[in-house]
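entry33.tsv (TSV, C-alpha atoms)
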chain	number	residue	atom	x	y	z
O	1035	MET	CA	13.65	37.46	-113.66
O	1036	SER	CA	14.96	40.05	-116.10
O	1037	ILE	CA	15.99	43.58	-115.13
O	1038	ARG	CA	13.04	45.02	-117.08
O	1039	ARG	CA	10.61	42.80	-115.21
O	1040	LYS	CA	12.20	43.69	-111.86
O	1041	LEU	CA	12.05	47.38	-112.71
O	1042	ALA	CA	8.39	47.05	-113.73
O	1043	LEU	CA	7.53	45.27	-110.49
O	1044	HIS	CA	9.39	47.88	-108.50
O	1045	ILE	CA	7.53	50.73	-110.24
O	1046	VAL	CA	4.11	49.19	-109.72
O	1047	SER	CA	4.85	48.25	-106.10
O	1048	THR	CA	5.91	51.82	-105.37
O	1049	ILE	CA	2.79	53.19	-107.05
O	1050	ASN	CA	0.70	50.72	-105.11
O	1051	ARG	CA	2.21	51.99	-101.88
O	1052	PHE	CA	1.61	55.66	-102.59
O	1053	ALA	CA	-1.68	55.44	-104.49
O	1054	PRO	CA	-4.54	57.51	-103.05
O	1055	VAL	CA	-6.75	55.44	-100.79
O	1056	GLY	CA	-9.69	55.31	-103.18
O	1057	THR	CA	-7.49	53.95	-105.95
O	1058	ALA	CA	-5.69	51.37	-103.84
O	1059	GLU	CA	-7.83	48.53	-105.16
O	1060	TRP	CA	-7.12	49.60	-108.73
O	1061	SER	CA	-3.40	50.03	-108.36
O	1062	ARG	CA	-3.38	46.62	-106.70
O	1063	ALA	CA	-5.24	45.27	-109.71
O	1064	ILE	CA	-2.53	46.63	-112.01
O	1065	LEU	CA	0.15	45.03	-109.84
O	1066	CYS	CA	-1.57	41.65	-109.83
O	1067	GLU	CA	-2.31	41.83	-113.54
O	1068	MET	CA	1.37	42.28	-114.27
O	1069	GLU	CA	2.07	38.74	-113.08
O	1070	PHE	CA	0.06	37.51	-116.05
O	1071	ILE	CA	1.84	39.59	-118.70
O	1072	GLU	CA	4.33	37.42	-120.52
O	1073	GLY	CA	6.63	39.88	-122.30
O	1074	ASP	CA	9.10	41.90	-120.21
O	1075	TRP	CA	8.78	44.99	-122.35
O	1076	ALA	CA	4.99	44.73	-122.23
O	1077	ALA	CA	5.22	44.47	-118.43
O	1078	LEU	CA	7.45	47.52	-118.27
O	1079	TRP	CA	5.08	49.59	-120.43
O	1080	TRP	CA	2.20	48.38	-118.32
O	1081	ALA	CA	4.02	49.52	-115.18
O	1082	LEU	CA	4.96	52.92	-116.61
O	1083	GLY	CA	1.39	53.51	-117.72
O	1084	SER	CA	0.13	52.83	-114.23
O	1085	MET	CA	1.93	55.94	-112.93
O	1086	THR	CA	-1.17	57.97	-113.77
O	1087	MET	CA	-2.90	56.18	-110.88
O	1088	LEU	CA	-0.92	58.44	-108.57
O	1089	PHE	CA	-2.77	61.42	-109.99
O	1090	THR	CA	-6.18	59.83	-110.35
O	1091	ARG	CA	-8.66	60.90	-107.75
O	1092	PRO	CA	-11.82	58.88	-107.24
O	1093	GLN	CA	-15.06	60.82	-106.86
O	1094	THR	CA	-16.72	58.32	-104.52
O	1095	HIS	CA	-15.79	55.17	-102.71
O	1096	SER	CA	-18.01	52.15	-102.82
O	1097	ALA	CA	-18.53	49.98	-99.79
O	1098	ALA	CA	-16.11	47.11	-99.54
O	1099	THR	CA	-18.53	44.25	-99.44
O	1100	ALA	CA	-15.99	41.48	-99.55
O	1101	ILE	CA	-12.52	41.16	-98.17
O	1102	VAL	CA	-9.90	39.87	-100.56
O	1103	PRO	CA	-6.46	38.69	-99.46
O	1104	TRP	CA	-4.52	41.79	-100.39
O	1105	PRO	CA	-5.69	44.24	-97.68
O	1106	VAL	CA	-4.67	41.72	-95.02
O	1107	GLU	CA	-1.27	41.22	-96.65
O	1108	ASP	CA	-0.79	44.97	-96.83
O	1109	LEU	CA	-1.73	45.38	-93.20
O	1110	ILE	CA	0.63	42.58	-92.13
O	1111	ARG	CA	3.47	44.12	-94.13
O	1112	LYS	CA	2.81	47.57	-92.71
O	1113	VAL	CA	2.60	46.37	-89.10
O	1114	ARG	CA	5.78	44.29	-89.48
O	1115	ARG	CA	7.65	47.29	-90.88
O	1116	ARG	CA	6.33	49.54	-88.13
O	1117	THR	CA	7.20	47.00	-85.41
O	1118	ALA	CA	10.76	46.48	-86.67
O	1119	PHE	CA	11.36	50.20	-87.01
O	1120	GLY	CA	9.75	50.90	-83.61
O	1121	TYR	CA	11.85	48.27	-81.81
O	1122	THR	CA	15.04	49.64	-83.38
O	1123	LEU	CA	14.24	53.26	-82.60
O	1124	ALA	CA	13.09	52.52	-79.04
O	1125	SER	CA	16.23	50.45	-78.41
O	1126	VAL	CA	18.57	53.13	-79.73
O	1127	LEU	CA	16.82	55.83	-77.67
O	1128	ALA	CA	16.77	53.65	-74.53
O	1129	LEU	CA	20.52	53.04	-74.91
O	1130	THR	CA	21.07	56.78	-75.43
O	1131	PHE	CA	19.16	57.61	-72.25
O	1132	LEU	CA	21.11	54.88	-70.44
O	1133	GLY	CA	24.36	56.43	-71.62
O	1134	LEU	CA	23.22	59.88	-70.53
O	1135	LEU	CA	22.28	58.43	-67.13
O	1136	ALA	CA	25.95	57.64	-66.60
O	1137	VAL	CA	27.08	61.05	-67.88
O	1138	PHE	CA	24.67	63.38	-66.05
O	1139	SER	CA	25.58	64.50	-62.58
O	1140	THR	CA	22.36	66.01	-61.21
O	1141	PHE	CA	19.49	64.02	-59.73
O	1142	ILE	CA	16.87	65.83	-61.86
O	1143	GLN	CA	18.69	64.94	-65.07
O	1144	ARG	CA	19.04	61.32	-64.00
O	1145	LEU	CA	15.35	61.24	-63.18
O	1146	GLY	CA	14.66	62.59	-66.68
O	1147	CYS	CA	16.82	59.83	-68.20
O	1148	GLY	CA	14.94	57.27	-66.12
O	1149	LEU	CA	11.66	58.56	-67.53
O	1150	GLY	CA	13.11	58.41	-71.04
O	1151	ILE	CA	14.11	54.76	-70.54
O	1152	THR	CA	10.66	54.03	-69.08
O	1153	ALA	CA	9.00	55.59	-72.12
O	1154	MET	CA	11.06	53.42	-74.46
O	1155	LEU	CA	10.26	50.23	-72.51
O	1156	TYR	CA	6.61	51.26	-72.56
O	1157	THR	CA	6.83	51.68	-76.34
O	1158	TRP	CA	8.38	48.21	-76.58
O	1159	CYS	CA	5.43	46.76	-74.67
O	1160	GLN	CA	2.93	48.53	-76.93
O	1161	LEU	CA	4.70	47.33	-80.06
O	1162	PHE	CA	4.74	43.79	-78.69
O	1163	ALA	CA	1.02	43.94	-77.91
O	1164	LEU	CA	0.22	45.18	-81.43
O	1165	ARG	CA	2.63	42.92	-83.34
O	1166	VAL	CA	1.46	40.75	-86.24
O	1167	GLN	CA	-0.60	37.97	-84.78
O	1168	HIS	CA	-0.50	34.38	-85.99
O	1169	ARG	CA	-4.21	34.30	-86.72
O	1170	TRP	CA	-3.62	36.95	-89.38
O	1171	THR	CA	-1.00	34.95	-91.20
O	1172	ARG	CA	-2.94	31.68	-90.95
O	1173	SER	CA	-5.91	32.94	-92.88
O	1174	ALA	CA	-5.74	34.32	-96.40
O	1175	SER	CA	-8.37	36.86	-95.53
O	1176	LEU	CA	-10.09	38.19	-92.46
O	1177	ALA	CA	-13.80	38.62	-92.09
O	1178	ASN	CA	-14.96	42.16	-92.60
O	1179	ALA	CA	-15.53	42.85	-88.90
O	1180	ALA	CA	-12.24	41.26	-87.83
O	1181	TYR	CA	-10.28	43.23	-90.41
O	1182	ARG	CA	-11.98	46.43	-89.34
O	1183	SER	CA	-11.22	45.79	-85.68
O	1184	GLU	CA	-7.54	45.17	-86.53
O	1185	LEU	CA	-7.44	48.46	-88.40
O	1186	GLU	CA	-8.89	50.20	-85.35
O	1187	ARG	CA	-6.34	48.57	-83.04
O	1188	GLN	CA	-3.48	49.62	-85.30
O	1189	ARG	CA	-4.88	53.12	-85.65
O	1190	ASP	CA	-5.06	53.51	-81.88
O	1191	PHE	CA	-1.30	52.91	-81.62
O	1192	TYR	CA	-0.85	56.33	-83.25
O	1193	CYS	CA	-3.47	58.22	-81.29
O	1194	ARG	CA	-5.50	58.39	-78.09
O	1195	PHE	CA	-4.09	57.20	-74.76
O	1196	SER	CA	-1.57	54.84	-76.28
O	1197	PHE	CA	0.22	57.60	-78.21
O	1198	TRP	CA	-0.25	60.56	-75.85
O	1199	SER	CA	0.91	58.58	-72.81
O	1200	ARG	CA	4.16	57.75	-74.65
O	1201	ILE	CA	4.63	61.36	-75.62
O	1202	ALA	CA	3.83	62.60	-72.09
O	1203	ILE	CA	6.51	60.41	-70.50
O	1204	VAL	CA	9.11	61.42	-73.09
O	1205	VAL	CA	8.27	65.13	-72.72
O	1206	CYS	CA	8.50	64.90	-68.92
O	1207	GLY	CA	11.86	63.13	-69.19
O	1208	ILE	CA	13.35	65.63	-71.63
O	1209	THR	CA	11.98	68.58	-69.63
O	1210	LEU	CA	13.64	67.25	-66.49
O	1211	ILE	CA	16.92	66.69	-68.34
O	1212	CYS	CA	16.84	70.30	-69.60
O	1213	LEU	CA	15.83	71.76	-66.21
O	1214	GLY	CA	18.48	69.69	-64.48
O	1215	GLY	CA	21.03	71.00	-66.96
O	1216	VAL	CA	19.96	74.61	-66.39
O	1217	PHE	CA	20.08	74.30	-62.60
O	1218	GLY	CA	23.23	72.19	-62.48
O	1219	HIS	CA	25.17	74.02	-65.17
O	1220	PRO	CA	23.81	77.59	-65.61
O	1221	GLU	CA	26.74	78.46	-67.88
O	1222	SER	CA	25.45	76.03	-70.53
O	1223	LEU	CA	21.98	77.64	-70.73
O	1224	ARG	CA	22.46	78.65	-74.36
O	1225	GLY	CA	23.38	75.15	-75.50
O	1226	ILE	CA	20.52	73.60	-73.54
O	1227	THR	CA	18.07	76.11	-75.08
O	1228	PHE	CA	19.16	75.12	-78.60
O	1229	ALA	CA	18.92	71.43	-77.70
O	1230	ALA	CA	15.43	72.00	-76.27
O	1231	ILE	CA	14.31	73.83	-79.42
O	1232	GLY	CA	15.63	70.97	-81.56
O	1233	LEU	CA	13.84	68.41	-79.43
O	1234	ILE	CA	10.58	70.38	-79.63
O	1235	GLY	CA	10.97	70.34	-83.41
O	1236	LEU	CA	11.49	66.55	-83.41
O	1237	LEU	CA	8.47	66.18	-81.15
O	1238	GLY	CA	6.39	68.21	-83.59
O	1239	ILE	CA	7.50	65.95	-86.46
O	1240	ALA	CA	6.70	62.84	-84.41
O	1241	ILE	CA	3.21	64.13	-83.61
O	1242	TRP	CA	2.63	65.04	-87.27
O	1243	LEU	CA	3.74	61.57	-88.44
O	1244	ASN	CA	1.48	59.89	-85.92
O	1245	ILE	CA	-1.50	62.01	-86.90
O	1246	ARG	CA	-0.84	61.16	-90.54
O	1247	GLU	CA	-0.75	57.44	-89.76
O	1248	THR	CA	-3.96	57.78	-87.75
O	1249	ARG	CA	-5.67	59.44	-90.69
O	1250	GLN	CA	-4.49	56.78	-93.09
O	1251	PHE	CA	-5.88	54.01	-90.92
O	1252	GLN	CA	-9.08	55.99	-90.41
O	1253	ALA	CA	-9.37	56.47	-94.17
O	1254	GLN	CA	-9.11	52.70	-94.64
O	1255	ILE	CA	-11.79	52.15	-92.01
O	1256	ASP	CA	-14.03	54.73	-93.68
O	1257	HIS	CA	-13.36	53.13	-97.04
O	1258	LEU	CA	-14.43	49.81	-95.58
O	1259	ASP	CA	-17.58	51.40	-94.28
O	1260	GLY	CA	-18.23	52.93	-97.68
O	1261	ARG	CA	-18.41	56.44	-96.38
O	1262	GLN	CA	-17.66	59.51	-98.47
O	1263	LEU	CA	-14.04	60.42	-97.98
O	1264	PRO	CA	-11.74	63.29	-98.75
O	1265	VAL	CA	-9.82	62.30	-101.86
O	1266	ASN	CA	-6.33	62.53	-100.43
O	1267	LYS	CA	-5.48	59.90	-97.80
O	1268	ALA	CA	-2.37	61.76	-96.70
O	1269	ALA	CA	-4.29	64.98	-96.10
E	20	MET	CA	-22.35	63.00	-111.31
E	21	LYS	CA	-20.81	63.41	-114.74
E	22	LEU	CA	-19.15	60.74	-116.82
E	23	ARG	CA	-16.88	62.00	-119.54
E	24	LEU	CA	-17.68	59.95	-122.59
E	25	SER	CA	-14.37	60.19	-124.43
E	26	GLU	CA	-13.32	58.22	-127.46
E	27	GLN	CA	-11.28	55.90	-125.25
E	28	THR	CA	-14.26	55.31	-122.96
E	29	LEU	CA	-16.32	54.35	-125.97
E	30	GLN	CA	-13.56	51.96	-127.07
E	31	VAL	CA	-13.62	50.29	-123.65
E	32	LEU	CA	-17.41	50.06	-123.67
E	33	ASN	CA	-17.24	48.60	-127.15
E	34	GLU	CA	-14.76	46.04	-125.94
E	35	PHE	CA	-17.13	44.98	-123.19
E	36	LEU	CA	-19.98	44.72	-125.67
E	37	GLU	CA	-18.05	42.08	-127.61
E	38	ALA	CA	-18.87	39.58	-124.86
E	39	PRO	CA	-21.25	41.32	-122.46
E	40	GLN	CA	-21.74	38.41	-120.08
E	41	ASP	CA	-18.07	37.50	-119.70
E	42	TRP	CA	-15.77	38.70	-116.96
E	43	ARG	CA	-12.76	40.41	-118.50
E	44	TYR	CA	-9.21	41.07	-117.32
E	45	GLY	CA	-7.61	44.49	-117.47
E	46	TYR	CA	-4.65	43.44	-119.59
E	47	ASP	CA	-6.86	41.70	-122.15
E	48	ILE	CA	-9.11	44.74	-122.48
E	49	GLY	CA	-6.08	47.00	-122.80
E	50	ARG	CA	-4.51	44.78	-125.45
E	51	ASN	CA	-7.68	44.45	-127.50
E	52	ALA	CA	-8.50	48.14	-127.26
E	53	GLU	CA	-4.82	49.04	-127.80
E	54	MET	CA	-4.78	51.06	-124.65
E	55	LYS	CA	-2.11	51.54	-121.98
E	56	SER	CA	-2.86	50.81	-118.34
E	57	GLY	CA	-2.67	54.52	-117.53
E	58	THR	CA	-5.56	55.21	-119.86
E	59	LEU	CA	-7.56	52.08	-119.24
E	60	TYR	CA	-7.70	51.95	-115.46
E	61	PRO	CA	-8.94	55.49	-114.82
E	62	ILE	CA	-11.74	54.72	-117.32
E	63	LEU	CA	-12.59	51.48	-115.53
E	64	MET	CA	-12.53	53.36	-112.23
E	65	ARG	CA	-14.97	55.97	-113.48
E	66	LEU	CA	-17.28	53.35	-114.93
E	67	ALA	CA	-17.27	51.49	-111.62
E	68	GLU	CA	-17.93	54.72	-109.72
E	69	HIS	CA	-20.99	55.27	-111.88
E	70	LYS	CA	-22.12	51.70	-111.20
E	71	LEU	CA	-21.80	50.89	-114.87
E	72	LEU	CA	-19.12	48.31	-114.19
E	73	GLU	CA	-18.96	45.56	-111.62
E	74	THR	CA	-15.70	44.16	-110.37
E	75	ARG	CA	-14.57	41.07	-108.54
E	76	TRP	CA	-11.38	39.38	-107.51
E	77	GLU	CA	-10.69	35.99	-108.96
E	78	VAL	CA	-8.50	33.88	-106.73
E	79	ALA	CA	-5.90	32.29	-108.97
E	80	GLU	CA	-4.06	29.02	-108.43
E	81	THR	CA	-1.52	28.79	-105.61
E	82	GLY	CA	1.50	31.00	-106.02
E	83	ARG	CA	-0.22	33.49	-108.31
E	84	PRO	CA	-1.90	36.69	-107.17
E	85	PRO	CA	-5.67	37.18	-107.37
E	86	ARG	CA	-6.90	38.81	-110.54
E	87	HIS	CA	-9.28	41.75	-110.82
E	88	MET	CA	-12.10	41.11	-113.27
E	89	TYR	CA	-14.66	43.39	-114.84
E	90	ARG	CA	-18.10	43.15	-116.41
E	91	LEU	CA	-20.72	45.72	-117.33
E	92	THR	CA	-23.73	45.92	-115.04
E	93	GLY	CA	-27.26	45.94	-116.40
E	94	SER	CA	-27.30	49.71	-116.51
E	95	GLY	CA	-23.79	49.65	-117.94
E	96	LEU	CA	-24.93	47.46	-120.79
E	97	ARG	CA	-27.87	49.75	-121.55
E	98	TYR	CA	-25.60	52.75	-121.38
E	99	ALA	CA	-22.98	51.15	-123.63
E	100	ARG	CA	-25.53	50.05	-126.20
E	101	ALA	CA	-27.03	53.50	-126.25
E	102	HIS	CA	-23.77	55.32	-126.77
E	103	VAL	CA	-21.41	53.00	-128.60
E	104	ALA	CA	-23.70	52.81	-131.61
E	105	SER	CA	-23.24	56.52	-132.29
E	106	PRO	CA	-19.81	57.48	-131.03
E	107	ALA	CA	-19.68	60.74	-132.90
E	108	LYS	CA	-17.52	62.83	-130.62
E	109	PRO	CA	-16.58	63.16	-126.96
E	110	MET	CA	-19.37	64.57	-124.87
E	111	MET	CA	-20.48	64.99	-121.30
E	112	MET	CA	-23.27	62.71	-120.19
E	113	ARG	CA	-25.09	63.13	-116.93
E	114	THR	CA	-25.87	59.92	-115.07
E	115	SER	CA	-27.50	59.25	-111.79
E	116	LEU	CA	-25.57	57.56	-109.00
E	117	GLY	CA	-27.50	54.34	-109.20
E	118	GLY	CA	-27.31	53.87	-112.93
E	119	ALA	CA	-27.19	55.50	-116.27
E	120	ARG	CA	-29.69	57.10	-118.52
E	121	GLY	CA	-29.88	55.30	-121.71

Would you mind writing the file's structure down as structure tokens?
Amino acid sequence: MSIRRKLALHIVSTINRFAPVGTAEWSRAILCEMEFIEGDWAALWWALGSMTMLFTRPQTHSAATAIVPWPVEDLIRKVRRRTAFGYTLASVLALTFLGLLAVFSTFIQRLGCGLGITAMLYTWCQLFALRVQHRWTRSASLANAAYRSELERQRDFYCRFSFWSRIAIVVCGITLICLGGVFGHPESLRGITFAAIGLIGLLGIAIWLNIRETRQFQAQIDHLDGRQLPVNKAA
Amino acid sequence: MKLRLSEQTLQVLNEFLEAPQDWRYGYDIGRNAEMKSGTLYPILMRLAEHKLLETRWEVAETGRPPRHMYRLTGSGLRYARAHVASPAKPMMMRTSLGGARG
């Protein structure tokens, strides 16, 4: 494959990933169509032209009456990416808490580390439960209801009990670590305060990212139902 | 809902009128109408939103991706025939959600 063709594919794939939810089908159409364009330059021009899809806002969304293979492939890819990233992040954080468990001297701080490790193991279990299932990969497409139910399951990872229970355990753990630090080492109050502020900021970002993911999944579900949607999926 | 009937939209409608019953591919329409994908697809989107265009995915042979295909609906055909014949200048046409006035 030539560099021009690779570049064209890369451009269209990126556009396909970031296209507003109502235009997803159309940007996918452009991507698929490119496979049938013979000339490399023609493919590149085709790809560059498709950049306007990023700025095209649909006025309405029609009901998805039939499921074609691509939404399932997209979902599989997204869940695989999320699972790999989640496992890595949870492992790194669990190891960090384990390391801190050996460093901290007070019982409260060790308890906090224990909660942190528990939260990461809990996240591992949730990721395992929501991993890509074989029945997805076996079939080229899922029935409408099955696809919708998978979207709901994946959405719930980012919200409701599943998400807030993870956050609650992490917050309790970090709070205990900070309190233990304050009680055990009052002289380091300033440093602990800064660390706590930083962690609150990270927590805020995590919550924001999860809400965004929830909305994206919800937008896909709404799109499937053919409801009227706000035009921006990342709103 | 308003459909902007630009010169390019008329070109696309004209292209569909060449073979009204056939399903067409995006690249072929773009090539025949000498239109880039960035111009063509937003027009196709708008036409589909106004129910003037129907779409379907054609599953290709193994190893190739499915292909999106387009054809004018009944109201799309009426609309195209009514407006392509006299494509004087871009104008704003008001259509109903379920179809087009022709």

Query raised in the report: Mind listing as a ChimeraX atom specification which residues of chain E are within 12 Å of chain O, counting all atoms listed in the file?
Result: /E:20-22,43-50,53-70,73-79,81-89,116-117

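The closest residue to Ala1202 of chain O, picked from O:Gln1188, O:Gln1252, O:Thr1152, O:Gln1143 and counting only C-alpha atoms, is O:Thr1152.
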
Report task. Identify the residues within 7 Å of coordinate (-11.3, 49.4, -93.1) (same frame as the file), considering only C-alpha atoms, and give the answer as a ChimeraX atom specification. Result -> /O:1181-1182,1185,1254-1259

Requested in this report: Can you pull out every residue within 12 Å of Leu1237 of chain O, counting all atoms listed in the file, but drop anything in the same chain fewer than 4 positions away, and send it as a ChimeraX atom specification?
Outcome: /O:1198,1200-1202,1204-1205,1208,1230-1233,1241-1244

Query - Who sits within 9 Å of Gly1120 of chain O, only C-alpha atoms, same chain under 6 positions skipped, as a ChimeraX atom specification - result: /O:1157-1158,1161

Next, write the just-selected residues to a file, as a PDB file, keeping the file's coordinate frame, keeping C-alpha atoms as the atom set.
ATOM      1  CA  THR O1157       6.830  51.680 -76.340  1.00  0.00           C
ATOM      2  CA  TRP O1158       8.380  48.210 -76.580  1.00  0.00           C
ATOM      3  CA  LEU O1161       4.700  47.330 -80.060  1.00  0.00           C
TER       4      LEU O1161
END

Report task. Go ahead and compute the interatomic distance for atom CA of Ile1211 of chain O and atom CA of Leu1145 of chain O, in Å to one decimal. Result -> 7.7 Å

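Taking atom CA of Arg1038 of chain O as the reference point, atom CA of Arg1051 of chain O is found at 19.9 Å.
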
Requested in this report: Determine, counting all atoms listed in the file, which protein, DNA and RNA residues have an atom within 7 Å of an atom of Ala1128 of chain O; residues of the same chain fewer than 2 positions away are not included. Present the result as a list in words.
Outcome: Ala1124, Ser1125, Val1126, Thr1130, Phe1131, Leu1132, Gly1150, Ile1151 and Met1154 of chain O

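Within 7 Å of segment 30-34 of chain E, once all atoms listed in the file are used and residues closer than 6 positions along the same chain are dropped, the contacting residues are E:Ile48, E:Ala52, E:Ala99, E:Val103.
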
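What separates atom CA of Tyr1121 of chain O from atom CA of Leu1210 of chain O is a distance of 24.5 Å.
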
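Among the candidates O:Phe1141, O:Phe1052, O:Phe1251, O:Phe1162, the one nearest to Leu1213 of chain O when counting all atoms listed in the file is O:Phe1141.
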
Provide segment 1138-1165 of chain O rebuilt to N, CA and C atoms, formatted as a short mmCIF file (atom, residue, chain, number, x, y, z; two decimals), keeping the file's coordinate frame.
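Output saved as selection_34.cif:
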data_model
loop_
_atom_site.label_atom_id
_atom_site.label_comp_id
_atom_site.auth_asym_id
_atom_site.auth_seq_id
_atom_site.Cartn_x
_atom_site.Cartn_y
_atom_site.Cartn_z
N PHE O 1138 25.24 62.26 -66.81
CA PHE O 1138 24.67 63.38 -66.05
C PHE O 1138 24.99 63.27 -64.57
N SER O 1139 25.16 64.48 -63.98
CA SER O 1139 25.58 64.50 -62.58
C SER O 1139 24.44 64.85 -61.63
N THR O 1140 23.42 65.58 -62.13
CA THR O 1140 22.36 66.01 -61.21
C THR O 1140 21.24 64.96 -61.11
N PHE O 1141 20.56 64.98 -59.98
CA PHE O 1141 19.49 64.02 -59.73
C PHE O 1141 18.33 64.23 -60.72
N ILE O 1142 18.01 65.53 -60.96
CA ILE O 1142 16.87 65.83 -61.86
C ILE O 1142 17.13 65.27 -63.25
N GLN O 1143 18.36 65.44 -63.73
CA GLN O 1143 18.69 64.94 -65.07
C GLN O 1143 18.63 63.42 -65.12
N ARG O 1144 19.09 62.78 -64.05
CA ARG O 1144 19.04 61.32 -64.00
C ARG O 1144 17.60 60.81 -63.96
N LEU O 1145 16.78 61.58 -63.23
CA LEU O 1145 15.35 61.24 -63.18
C LEU O 1145 14.74 61.35 -64.59
N GLY O 1146 15.13 62.40 -65.30
CA GLY O 1146 14.66 62.59 -66.68
C GLY O 1146 15.08 61.42 -67.57
N CYS O 1147 16.34 60.98 -67.43
CA CYS O 1147 16.82 59.83 -68.20
C CYS O 1147 16.02 58.58 -67.86
N GLY O 1148 15.74 58.43 -66.56
CA GLY O 1148 14.94 57.27 -66.12
C GLY O 1148 13.58 57.28 -66.79
N LEU O 1149 12.96 58.46 -66.87
CA LEU O 1149 11.66 58.56 -67.53
C LEU O 1149 11.77 58.23 -69.02
N GLY O 1150 12.87 58.70 -69.62
CA GLY O 1150 13.11 58.41 -71.04
C GLY O 1150 13.21 56.90 -71.28
N ILE O 1151 13.97 56.22 -70.41
CA ILE O 1151 14.11 54.76 -70.54
C ILE O 1151 12.75 54.08 -70.34
N THR O 1152 12.00 54.59 -69.34
CA THR O 1152 10.66 54.03 -69.08
C THR O 1152 9.76 54.17 -70.31
N ALA O 1153 9.83 55.35 -70.93
CA ALA O 1153 9.00 55.59 -72.12
C ALA O 1153 9.35 54.62 -73.23
N MET O 1154 10.64 54.34 -73.38
CA MET O 1154 11.06 53.42 -74.46
C MET O 1154 10.62 51.98 -74.16
N LEU O 1155 10.73 51.59 -72.88
CA LEU O 1155 10.26 50.23 -72.51
C LEU O 1155 8.75 50.12 -72.71
N TYR O 1156 8.06 51.20 -72.39
CA TYR O 1156 6.61 51.26 -72.56
C TYR O 1156 6.26 51.12 -74.05
N THR O 1157 7.04 51.78 -74.88
CA THR O 1157 6.83 51.68 -76.34
C THR O 1157 7.06 50.24 -76.80
N TRP O 1158 8.10 49.61 -76.26
CA TRP O 1158 8.38 48.21 -76.58
C TRP O 1158 7.16 47.35 -76.28
N CYS O 1159 6.60 47.57 -75.08
CA CYS O 1159 5.43 46.76 -74.67
C CYS O 1159 4.26 46.98 -75.62
N GLN O 1160 4.03 48.24 -76.02
CA GLN O 1160 2.93 48.53 -76.93
C GLN O 1160 3.15 47.88 -78.29
N LEU O 1161 4.39 47.96 -78.77
CA LEU O 1161 4.70 47.33 -80.06
C LEU O 1161 4.50 45.82 -79.99
N PHE O 1162 4.89 45.24 -78.86
CA PHE O 1162 4.74 43.79 -78.69
C PHE O 1162 3.25 43.42 -78.69
N ALA O 1163 2.46 44.23 -77.99
CA ALA O 1163 1.02 43.94 -77.91
C ALA O 1163 0.34 44.06 -79.27
N LEU O 1164 0.87 44.95 -80.12
CA LEU O 1164 0.22 45.18 -81.43
C LEU O 1164 1.00 44.55 -82.58
N ARG O 1165 1.85 43.57 -82.28
CA ARG O 1165 2.63 42.92 -83.34
C ARG O 1165 1.70 42.10 -84.24
#
